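For reference, the structure discussed in these notes is given below.
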Number of protein chains: 4
Amino acid sequence: MSGRSTFADIVQTLFERRGSKGSVLQSRSIEEMCHALLDVEGEVSGIALAEAVLDRYAGMDPDEKLRFFQFLNTDLEIDPAALRAAVSGFQNGQSIEDYRRIGRLAEPRRQELLRRLNQPTGATQALVNMRADLIRAKARDTDLARTEQDFQHLLRSWFNRGFLVLRQINWDTPASILEKIVAYEAVHAIQDWDDLRRRLYPQDRRCFAFFHPSMPDEPLIFVEVALTLGVPDSIQHVLSEHRDQREAEETKVAVFYSISNCQEGLAGVSFGSMLIKQVVAELSRELPQLETFVTLSPIPRLAEWTRSVNGEDPSDDRSVREAASDYLLTAKDAKGRPFDPVARFHLGNGAQVYAVHAEADLSENGVSQSFGAMVNYQYDLSKIEQNHERFVQDQEVSLAPQFKNSQGMATNRKRILA
Amino acid sequence: MSGRSTFADIVQTLFERRGSKGSVLQSRSIEEMCHALLDVEGEVSGIALAEAVLDRYAGMDPDEKLRFFQFLNTDLEIDPAALRAAVSGFQNGQSIEDYRRIGRLAEPRRQELLRRLNQPTGATQALVNMRADLIRAKARDTDLARTEQDFQHLLRSWFNRGFLVLRQINWDTPASILEKIVAYEAVHAIQDWDDLRRRLYPQDRRCFAFFHPSMPDEPLIFVEVALTLGVPDSIQHVLSEHRDQREAEETKVAVFYSISNCQEGLAGVSFGSMLIKQVVAELSRELPQLETFVTLSPIPRLAEWTRSVNGEDPSDDRSVREAASDYLLTAKDAKGRPFDPVARFHLGNGAQVYAVHAEADLSENGVSQSFGAMVNYQYDLSKIEQNHERFVQDQEVSLAPQFKNSQGMATNRKRILA
Amino acid sequence: MSGRSTFADIVQTLFERRGSKGSVLQSRSIEEMCHALLDVEGEVSGIALAEAVLDRYAGMDPDEKLRFFQFLNTDLEIDPAALRAAVSGFQNGQSIEDYRRIGRLAEPRRQELLRRLNQPTGATQALVNMRADLIRAKARDTDLARTEQDFQHLLRSWFNRGFLVLRQINWDTPASILEKIVAYEAVHAIQDWDDLRRRLYPQDRRCFAFFHPSMPDEPLIFVEVALTLGVPDSIQHVLSEHRDQREAEETKVAVFYSISNCQEGLAGVSFGSMLIKQVVAELSRELPQLETFVTLSPIPRLAEWTRSVNGEDPSDDRSVREAASDYLLTAKDAKGRPFDPVARFHLGNGAQVYAVHAEADLSENGVSQSFGAMVNYQYDLSKIEQNHERFVQDQEVSLAPQFKNSQGMATNRKRILA
Amino acid sequence: MSGRSTFADIVQTLFERRGSKGSVLQSRSIEEMCHALLDVEGEVSGIALAEAVLDRYAGMDPDEKLRFFQFLNTDLEIDPAALRAAVSGFQNGQSIEDYRRIGRLAEPRRQELLRRLNQPTGATQALVNMRADLIRAKARDTDLARTEQDFQHLLRSWFNRGFLVLRQINWDTPASILEKIVAYEAVHAIQDWDDLRRRLYPQDRRCFAFFHPSMPDEPLIFVEVALTLGVPDSIQHVLSEHRDQREAEETKVAVFYSISNCQEGLAGVSFGSMLIKQVVAELSRELPQLETFVTLSPIPRLAEWTRSVNGEDPSDDRSVREAASDYLLTAKDAKGRPFDPVARFHLGNGAQVYAVHAEADLSENGVSQSFGAMVNYQYDLSKIEQNHERFVQDQEVSLAPQFKNSQGMATNRKRILA
């Protein structure tokens with residue numbers, strides 16, 4: 001009744017018991033075990049070896065981990081001379097042997113090592129966590145960027161969209177997963193289980209997450225959704241204990257009010273755009289009366305930018321809204337992209353600016369980072385591709401018609417400023 | 001109650017309905033769609049595009065498929081000049097930019113295309129099937145070996161051991177999967193459902209298969225196991241309708257009497273060794289009284305070899321056994337490996353020759369390929385690694401002690417012949 | 001991975017091992033064990049005792065079972081004198097004690113015994129099978145009708161509609177359940193697994209069954225459904241290997257062409273009416289375009305009745321149809337109900353006669369029992385209750401409008417005959 | 001992805017939509033609908049009618065419910081005169097007709113009504129809740145004891161051991177069930193989710209509950225277990241935040257420190273004894289090294305009894321222990337059973353007194369009801385039956401050998417007192 005049968009454990013136990021493998025493993029360095037895993041030995045006792053490496057790693061302190069990453073970075077590096085020779089060979093003859101040689105030589109052996117480490121139960125999670133360590137270690141030794149690049153390449157392939165599973169998170173979800181939702185919520189902190197229940201239990205609240213089959217208990221990313229009658233202009237109102245609940249069937253708007261990545265080690269393996277689009281699809285199917293899909297998003301760097309440009313804070317709600325509109329439409333980074341990271345994400349996904357609101361997030365953080373302003377980005381499936389293309393090619397910020405109408409003044413002002 | 005919600009379908013439908021995507025897609029060539037998927041467009045409407053490409057492909061005839069593969073092979077090839085430049089750059093400065101450039105340039109764009117195709121539900125299976133087509137197409141255009149190599153590289157990464165799931169196949173398994181077991185059995189054909197029931201239902205029969213989470217209804221490889229009192233010397237006896245059944249708890253020997261790969265498109269992505277080892281571990285856990293794990297294996301090229309060496313067939317059981325022993329111990333291919341492919345597989349896994357039997361497979365096929373002889377290979381976990389190493393390094397065929405004792409004569413004879 | 005943990009087994013094992021219960025049980029008669037189960041002992045070691053009784057029973061031959069039933073019938077009978085006293089007491093004082101006494105005394109102790117036997121895993125199935133034995137034994141000793149009545153009473157309560165689970169049977173159903181469908185099909189025998197696949201796999205074929213949570217692997221009753229464009233007039237056509245398949249979404253008619261009870265021991269605990277109505281509801285929900293729900297039913301006693309009435313067989317299709325119409329509308333049993341058992345079932349459920357067909361079942365059985373005629377009964381939810389009421393109160397056979405129109409002559413003729 | 005298909009709802013909807021049943025139902029009294037359900041109408045539209053009755057009931061206030069119960073109690077009562085006639089008939093002829101008549105007449109029609117109400121999804125829970133209302137109503141009208149008796153009789157049959165399912169409750173259990181555990185814990189209140197986590201998550205803590213298949217989200221009864229090295233003498237220690245956790249495999253004692261019934265409406269349908277025995281069996285199987293199974297139980301009426309007997313409170317730990325021993329061994333109710341209800345439960349199950357402890361429950365409640373004393377009852381499977389029999393037949397309180405040794409003085413004192 002209790003546990004799962006973990007074959008990896010069994011195999012290892014058997015090897016250790018029958019073959020006295022364990023004690024031998026104890027006496028070898030992690031580097032030796034990695035080499036063994038890449039050599040002949042790895043083909044037979046791969047799982048036991050991989051588990052031994054991962055166990056050894058798990059017990060290391062940050063300095064030891066740094067050295068281990070340096071070993072990966074240096075000892076298991078590509079051989080550029082050999083690679084160049086193979087490329088030259090291929091240029092001459094286009095032979096399949098040379099082609100294979102390029103493939104083999106252009107990929108450092110640490111990539112094959114990672115694939116062989118990914119055998120025991122739980123290894124995928126362990127490697128994701130290892131990358132989180134590596135990102136930290138890279139701050140101490142920027143050379144590790146190469147190894148970090150290899151991790152990212154492999155994880156992108158393993159966490160390919162076709163392997164992800166969308167699951168609804170609700171009040172029937174195991175507590176062991178729910179406590180991770182509490183821990184990972186990065187936008188509007190969940191105070192306690194009562195707060196969590198308010199976000200999951202009511203008929204007009206939803207939550208969806210992506211999972212990977214090899215990490216069934218670990219959400220990768222999740223989004224919280226409020227189903228409402230109108231487009232909301234305040235996060236406190238959305239999260240309020242005292243709000244009126246609605247029947248899901250009578251709501252008109254789906255509001256994505258919080259989206260959080262869960263795995264530091266999957267930084268750069270982006271799921272957010274795909275998650276939002278699938279949730280739009282799923283909700284459209286279940287509740288065909290829904291008309292509008294918007295976010296209620298923070299504007300994290302509004303105050304910073306406004307002060308640097310204007311030298312002073314806006315004085316009333318109207319000027320807060322104007323400041324926010326200006327910022328979203330005109331503030332750019334060095335590459336010409338929106339200065340605001342959240343805007344970059346949603347506009348890059350093909351969303352369009354729908355409305356800005358003052359007094360929308362009166363939390364300490366909300367007031368300090370954006371004078372309390374928030375913004376709705378709209379996901380209009382009929383325009384999403386065209387918005388995306390304009391954004392990528394012309395760096396143009398798309399606006400919903402509603403926003404254009406309501407912002408006559410702000411838009412004029414933008415022209416003058418520009 | 002009925003079906004699964006396939007988000008991919010929904011997303012596509014939505015895109016098509018709302019964005020009139022579908023009709024536009026119809027008018028474009030598969031090559032154009034592939035380029036779109038690799039470009040900006042793929043980032044937004046990736047699933048719909050990927051599905052359109054896979055649908056288009058599914059409707060092609062072999063000639064069209066050949067041309068599609070040639071497009072992948074040529075248009076999405078690496079650029080060796082650019083790659084060589086990047087390697088030179090890296091040799092000079094070891095910069096991370098050059099390193100990334102190598103990674104990007106050494107990998108042909110068709111690999112990224114395959115990753116992006118792998119988004120809709122069912123895409124993984126479609127790509128596995130595409131590789132099966134490609135293997136056939138390669139016979140017509142050997143140049144396609146490069147593209148074929150890329151498929152194999154990617155599938156090896158996706159079908160990494162850590163992502164496979166071991167499931168027992170028994171009489172409670174859905175009929176839709178069982179009919180695939182019937183279809184895929186490649187060693188001893190399953191006659192009908194009664195025959196299948198005899199192999200799955202009795203307490204002293206087992207079957208295990210590997211599955212991949214993205215292809216939950218498709219076995220990748222499976223092994224059939226008989227639990228017996230002694231090591232069997234005849235496959236007809238193992239499969240007999242009239243044999244006595246045993247309580248699983250009283251058996252002493254687990255016999256792997258048939259192992260079949262199911263997916264042509266996964267050729268070269270080897271699961272067999274791992275499957276056998278996990279099944280040994282699983283059975284050891286469930287039935288700790290089991291003492292011996294052996295195969296009952298065909299000797300497919302015995303007759304061919306014997307005739308070429310001796311010029312005549314062995315005349316009695318004893319000479320059949322001697323011929324089989326000689327063949328297994330001495331017949332080698334050009335690379336010095338065992339001439340027999342089944343021997344190569346099991347000995348390469350670290351198994352050892354346990355016994356040879358005459359009159360062991362009296363089917364037409366058994367008699368014609370091996371004079372009716374079969375062989376038991378033993379998986380002794382305490383020796384498996386050492387066997388494997390000797391095999392790989394010294395091309396030595398390991399023998400179980402039982403075999404050594406019983407084969408005094410044959411072994412002497414081998415010395416004389418050698 | 002392997003089996004279910006059966007607590008009953010464990011508890012018994014523990015009792016036996018620790019308390020040496022087992023050996024003691026061996027030496028007692030089944031009657032002694034039954035008395036013990038009803039007494040003090042049953043409160044503590046109920047499961048072990050119940051299992052011992054059921055095991056002992058399972059090993060009995062028919063004569064021993066007969067004696068066991070006679071023991072239940074005689075030794076565990078009600079005490080009418082005591083019951084009459086309790087009833088008199090209650091008539092005087094209406095006291096709760098007398099009321100409880102009535103409840104206790106009016107119920108023979110064998111009912112409590114059955115409830116206590118129903119503790120170990122698998123006991124419910126064992127008791128259902130016991131009733132099947134009892135029905136047979138009753139033919140040898142009609143006195144057993146009393147005990148049989150008690151079984152039926154209890155099983156009706158346990159197999160109450162609220163406890164049944166409707167499950168779709170399809171090609172993803174475990175083979176262990178499918179082979180029971182093959183075995184239990186009582187109307188149109190399933191030839192082999194290919195025939196079964198033709199009935200379950202195509203999109204225009206469905207099968208539904210009721211299950212009880214305590215017998216999860218045993219269907220109680222199942223119905224096979226064909227989705228068609230028009231109302232079918234031939235069972236051979238419905239079952240044909242060579243018929244054209246339809247998309248479920250384009251069909252207009254759901255045809256219940258076979259309904260089979262699976263458990264002899266649940267005779268008289270009727271599920272059929274409820275199953276048909278739930279399947280109508282389920283199909284209406286999934287395929288809202290369906291317009292008509294009909295059966296394609298045998299007319300089992302048509303030939304028998306026609307010969308007894310007319311003295312000769314009908315000579316052509318038209319006279320077969322007339323004979324069938326006459327039979328369905330006018331042939332009654334002694335209680336005034338339809339003479340035909342299938343008609344009794346469907347008309348009693350509120351269905352109405354829709355059409356009769358000659359040359360509809362050309363199997364040997366079909367020709368011999370009904371000259372090859374079959375009938376469609378229609379389940380029209382808007383009329384079902386009113387049909388049922390007329391049938392129960394006025395013994396009136398309801399006719400669909402289509403039938404009335406098509407049968408002008410036959411109906412006239414009925415008036416003359418009546 | 002979202003909900004369950006509730007056939008009951010569908011059927012009703014269909015009936016209402018197609019047959020305009022709904023509006024008709026609205027206009028009838030609950031009594032009329034009950035009669036209809038018992039009559040002809042119930043056979044066809046049973047689910048819709050049953051659902052209408054349960055819906056109507058759910059909307060009633062306590063006075064209306066009282067009147068509804070009085071209707072059940074009076075209008076659907078047995079007819080004693082008719083029953084007496086049937087009994088007399090049976091006494092004369094033993095005919096099966098008379099026997100059936102007795103069965104029918106001795107059972108009031110409200111029992112059949114309850115069976116027919118139990119058809120829609122959720123009905124079983126609704127009827128359990130109805131009985132909880134009825135128990136309250138009985139306090140206002142003691143005559144309702146008859147109807148209450150019928151509910152209990154039926155629920156005992158439906159919640160028969162063979163239909164219950166044991167499930168482990170742990171940190172992977174859905175939050176919707178866990179919040180019920182928090183709500184239903186009746187012995188040592190669960191403060192919050194952190195407290196709950198401390199009771200469920202650690203490897204040396206377990207929780208098991210019985211469920212019924214028709215109420216899959218509602219625990220019926222649950223027991224919390226601590227796995228420890230020694231027999232604990234303090235509940236605060238067991239529940240402490242700061243205790244040391246153990247590996248389950250190294251523990252020796254399983255402590256049942258809290259057992260709570262969850263359903264008021266199932267009062268008198270006892271599951272406790274069976275739950276404890278199954279959990280003993282389950283834990284023995286999983287952790288064969290466990291040697292001792294004890295409770296850590298409150299002594300709820302110790303203070304009350306001691307004060308009435310001694311007139312004063314015990315002054316030190318030793319006298320508290322003596323008082324507790326005396327109380328457990330000698331305090332009896334009017335029927336000669338232990339005065340203490342918890343003692344009655346465990347001793348009645350065949351447990352034996354193992355040890356008493358002072359300063360074992362220092363909560364306000366613990367101190368006020370029992371001077372802080374608690375008791376361990378031991379479940380020794382080898383003695384459980386014999387203990388039970390002595391308890392039932394001779395009202396003898398069984399003592400574990402440990403207790404006898406440690407309590408020399410107390411036991412002597414008992415002899416003197418007796």
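Identifiers in this document derive from the order of the structure tokens: chains are assigned A, B, ..., residues are numbered from 1 separately in each chain, and ligands are numbered from 1 in order of occurrence.
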
* To do: Give the alpha helix (DSSP H) residues of stretch 105-331 of chain D, as DSSP finds them on the backbone, and put them as a count of residues only.
  => 104

Determine which residues of chain A sit within 6 Å of chain D, taking into account only C-alpha atoms, and present them as an mmCIF file with N, CA, C and O atoms, in the first residue's frame.
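Now in iface.cif:
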```cif
data_model
loop_
_atom_site.group_PDB
_atom_site.id
_atom_site.type_symbol
_atom_site.label_atom_id
_atom_site.label_comp_id
_atom_site.auth_asym_id
_atom_site.auth_seq_id
_atom_site.Cartn_x
_atom_site.Cartn_y
_atom_site.Cartn_z
ATOM 1 N N TRP A 171 -8.145 21.781 -5.345
ATOM 2 C CA TRP A 171 -8.203 21.386 -3.934
ATOM 3 C C TRP A 171 -8.166 19.860 -3.781
ATOM 4 O O TRP A 171 -8.058 19.342 -2.678
ATOM 5 N N ASP A 172 -8.256 19.140 -4.888
ATOM 6 C CA ASP A 172 -8.092 17.684 -4.857
ATOM 7 C C ASP A 172 -6.655 17.265 -5.135
ATOM 8 O O ASP A 172 -6.350 16.065 -5.204
ATOM 9 N N THR A 173 -5.776 18.213 -5.315
ATOM 10 C CA THR A 173 -4.371 17.911 -5.572
ATOM 11 C C THR A 173 -3.693 17.502 -4.259
ATOM 12 O O THR A 173 -4.021 18.042 -3.203
ATOM 13 N N PRO A 174 -2.756 16.531 -4.324
ATOM 14 C CA PRO A 174 -2.038 16.130 -3.104
ATOM 15 C C PRO A 174 -1.377 17.310 -2.390
ATOM 16 O O PRO A 174 -0.821 18.205 -3.036
ATOM 17 N N ALA A 175 -1.432 17.266 -1.069
ATOM 18 C CA ALA A 175 -0.836 18.335 -0.270
ATOM 19 C C ALA A 175 0.648 18.488 -0.573
ATOM 20 O O ALA A 175 1.191 19.595 -0.540
ATOM 21 N N SER A 176 1.327 17.380 -0.889
ATOM 22 C CA SER A 176 2.764 17.446 -1.161
ATOM 23 C C SER A 176 3.062 18.322 -2.373
ATOM 24 O O SER A 176 4.133 18.922 -2.460
#
```

* Find the residues around stretch 151-153 of chain D up to 10 Å (only C-alpha atoms counted), leave out those fewer than 6 positions away in its own chain, and share them as a PyMOL selection string. => (chain C and resi 103) or (chain D and resi 110-111+114+127-128+130-131+134+145+265-269)

* Asked: To one decimal place, how far is atom CA of B:Ile96 from atom CA of A:Asp333 in Å?
  -> 22.8 Å

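Look at B:Phe163: the protein and nucleic acid residues within 8 Å of it, using only C-alpha atoms and passing over chain neighbours fewer than 4 places away, are Gln119, Pro213 and Ser214 of chain A; Trp158, Phe159, His212 and Pro213 of chain B.
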
N, CA, C and O atoms of the current selection, written as a compact mmCIF listing (two decimals), in the first residue's frame:
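Written out: result_1.txt:
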```txt
# COMPACT_ATOMS: atom_id res chain seq x y z
N GLN A 119 19.92 8.14 -15.50
CA GLN A 119 19.34 6.81 -15.55
C GLN A 119 18.54 6.43 -14.31
O GLN A 119 17.46 5.88 -14.42
N PRO A 213 7.12 14.02 -17.04
CA PRO A 213 6.86 12.67 -16.53
C PRO A 213 7.94 12.14 -15.59
O PRO A 213 7.66 11.31 -14.73
N SER A 214 9.17 12.60 -15.74
CA SER A 214 10.23 12.10 -14.86
C SER A 214 10.31 12.85 -13.54
O SER A 214 11.11 12.49 -12.68
N TRP B 158 16.15 11.49 -26.25
CA TRP B 158 14.76 11.49 -25.79
C TRP B 158 14.36 10.17 -25.13
O TRP B 158 13.50 10.15 -24.26
N PHE B 159 14.92 9.08 -25.60
CA PHE B 159 14.58 7.77 -25.05
C PHE B 159 15.64 7.30 -24.06
O PHE B 159 15.84 6.11 -23.85
N HIS B 212 7.54 4.64 -23.20
CA HIS B 212 7.94 6.03 -23.05
C HIS B 212 6.68 6.84 -22.74
O HIS B 212 5.63 6.59 -23.34
N PRO B 213 6.77 7.79 -21.79
CA PRO B 213 5.57 8.53 -21.39
C PRO B 213 4.85 9.21 -22.55
O PRO B 213 3.62 9.40 -22.50
```

Residues near D:Phe210, anyone? I mean within 7 Å using only C-alpha atoms, not counting same-chain ones fewer than 3 positions away, as a short mmCIF file (atom, residue, chain, number, x, y, z; two decimals) with all heavy atoms, in the first residue's frame.
```cif
data_model
loop_
_atom_site.label_atom_id
_atom_site.label_comp_id
_atom_site.auth_asym_id
_atom_site.auth_seq_id
_atom_site.Cartn_x
_atom_site.Cartn_y
_atom_site.Cartn_z
N LEU D 164 -16.07 -1.86 2.62
CA LEU D 164 -15.18 -0.75 3.03
C LEU D 164 -13.80 -0.89 2.39
O LEU D 164 -13.34 -1.99 2.09
CB LEU D 164 -15.05 -0.73 4.55
CG LEU D 164 -16.36 -0.60 5.33
CD1 LEU D 164 -16.07 -0.41 6.81
CD2 LEU D 164 -17.20 0.55 4.80
N VAL D 165 -13.16 0.23 2.21
CA VAL D 165 -11.84 0.27 1.61
C VAL D 165 -10.89 0.97 2.57
O VAL D 165 -11.18 2.08 3.02
CB VAL D 165 -11.89 1.05 0.27
CG1 VAL D 165 -10.51 1.13 -0.35
CG2 VAL D 165 -12.88 0.41 -0.68
N LEU D 166 -9.78 0.31 2.89
CA LEU D 166 -8.78 0.94 3.75
C LEU D 166 -7.82 1.74 2.88
O LEU D 166 -7.28 1.23 1.90
CB LEU D 166 -7.98 -0.14 4.50
CG LEU D 166 -6.96 0.40 5.50
CD1 LEU D 166 -7.64 1.00 6.72
CD2 LEU D 166 -5.99 -0.69 5.94
N ARG D 167 -7.63 3.01 3.22
CA ARG D 167 -6.66 3.82 2.47
C ARG D 167 -5.74 4.52 3.44
O ARG D 167 -6.14 4.95 4.51
CB ARG D 167 -7.40 4.89 1.63
CG ARG D 167 -7.97 4.35 0.34
CD ARG D 167 -9.05 5.22 -0.24
NE ARG D 167 -8.58 6.57 -0.58
CZ ARG D 167 -9.41 7.53 -1.02
NH1 ARG D 167 -10.69 7.30 -1.18
NH2 ARG D 167 -8.93 8.72 -1.30
N PRO D 219 -13.90 10.32 4.58
CA PRO D 219 -13.46 9.26 5.50
C PRO D 219 -14.59 8.91 6.46
O PRO D 219 -15.39 9.78 6.84
CB PRO D 219 -12.29 9.92 6.25
CG PRO D 219 -12.45 11.39 6.04
CD PRO D 219 -13.16 11.58 4.74
N LEU D 220 -14.68 7.62 6.82
CA LEU D 220 -15.70 7.18 7.78
C LEU D 220 -15.12 7.19 9.18
O LEU D 220 -15.80 7.53 10.14
CB LEU D 220 -16.17 5.78 7.42
CG LEU D 220 -16.65 5.56 5.98
CD1 LEU D 220 -17.10 4.11 5.80
CD2 LEU D 220 -17.78 6.52 5.65
N ILE D 221 -13.88 6.78 9.28
CA ILE D 221 -13.19 6.70 10.57
C ILE D 221 -11.71 6.69 10.25
O ILE D 221 -11.31 6.20 9.19
CB ILE D 221 -13.59 5.41 11.33
CG1 ILE D 221 -13.00 5.39 12.74
CG2 ILE D 221 -13.16 4.17 10.58
CD1 ILE D 221 -13.51 4.22 13.59
N PHE D 222 -10.89 7.27 11.10
CA PHE D 222 -9.45 7.21 10.85
C PHE D 222 -8.69 7.06 12.15
O PHE D 222 -9.21 7.40 13.22
CB PHE D 222 -8.97 8.42 10.05
CG PHE D 222 -9.10 9.74 10.76
CD1 PHE D 222 -8.06 10.24 11.56
CD2 PHE D 222 -10.25 10.49 10.63
CE1 PHE D 222 -8.18 11.45 12.19
CE2 PHE D 222 -10.38 11.71 11.27
CZ PHE D 222 -9.34 12.20 12.06
#
```
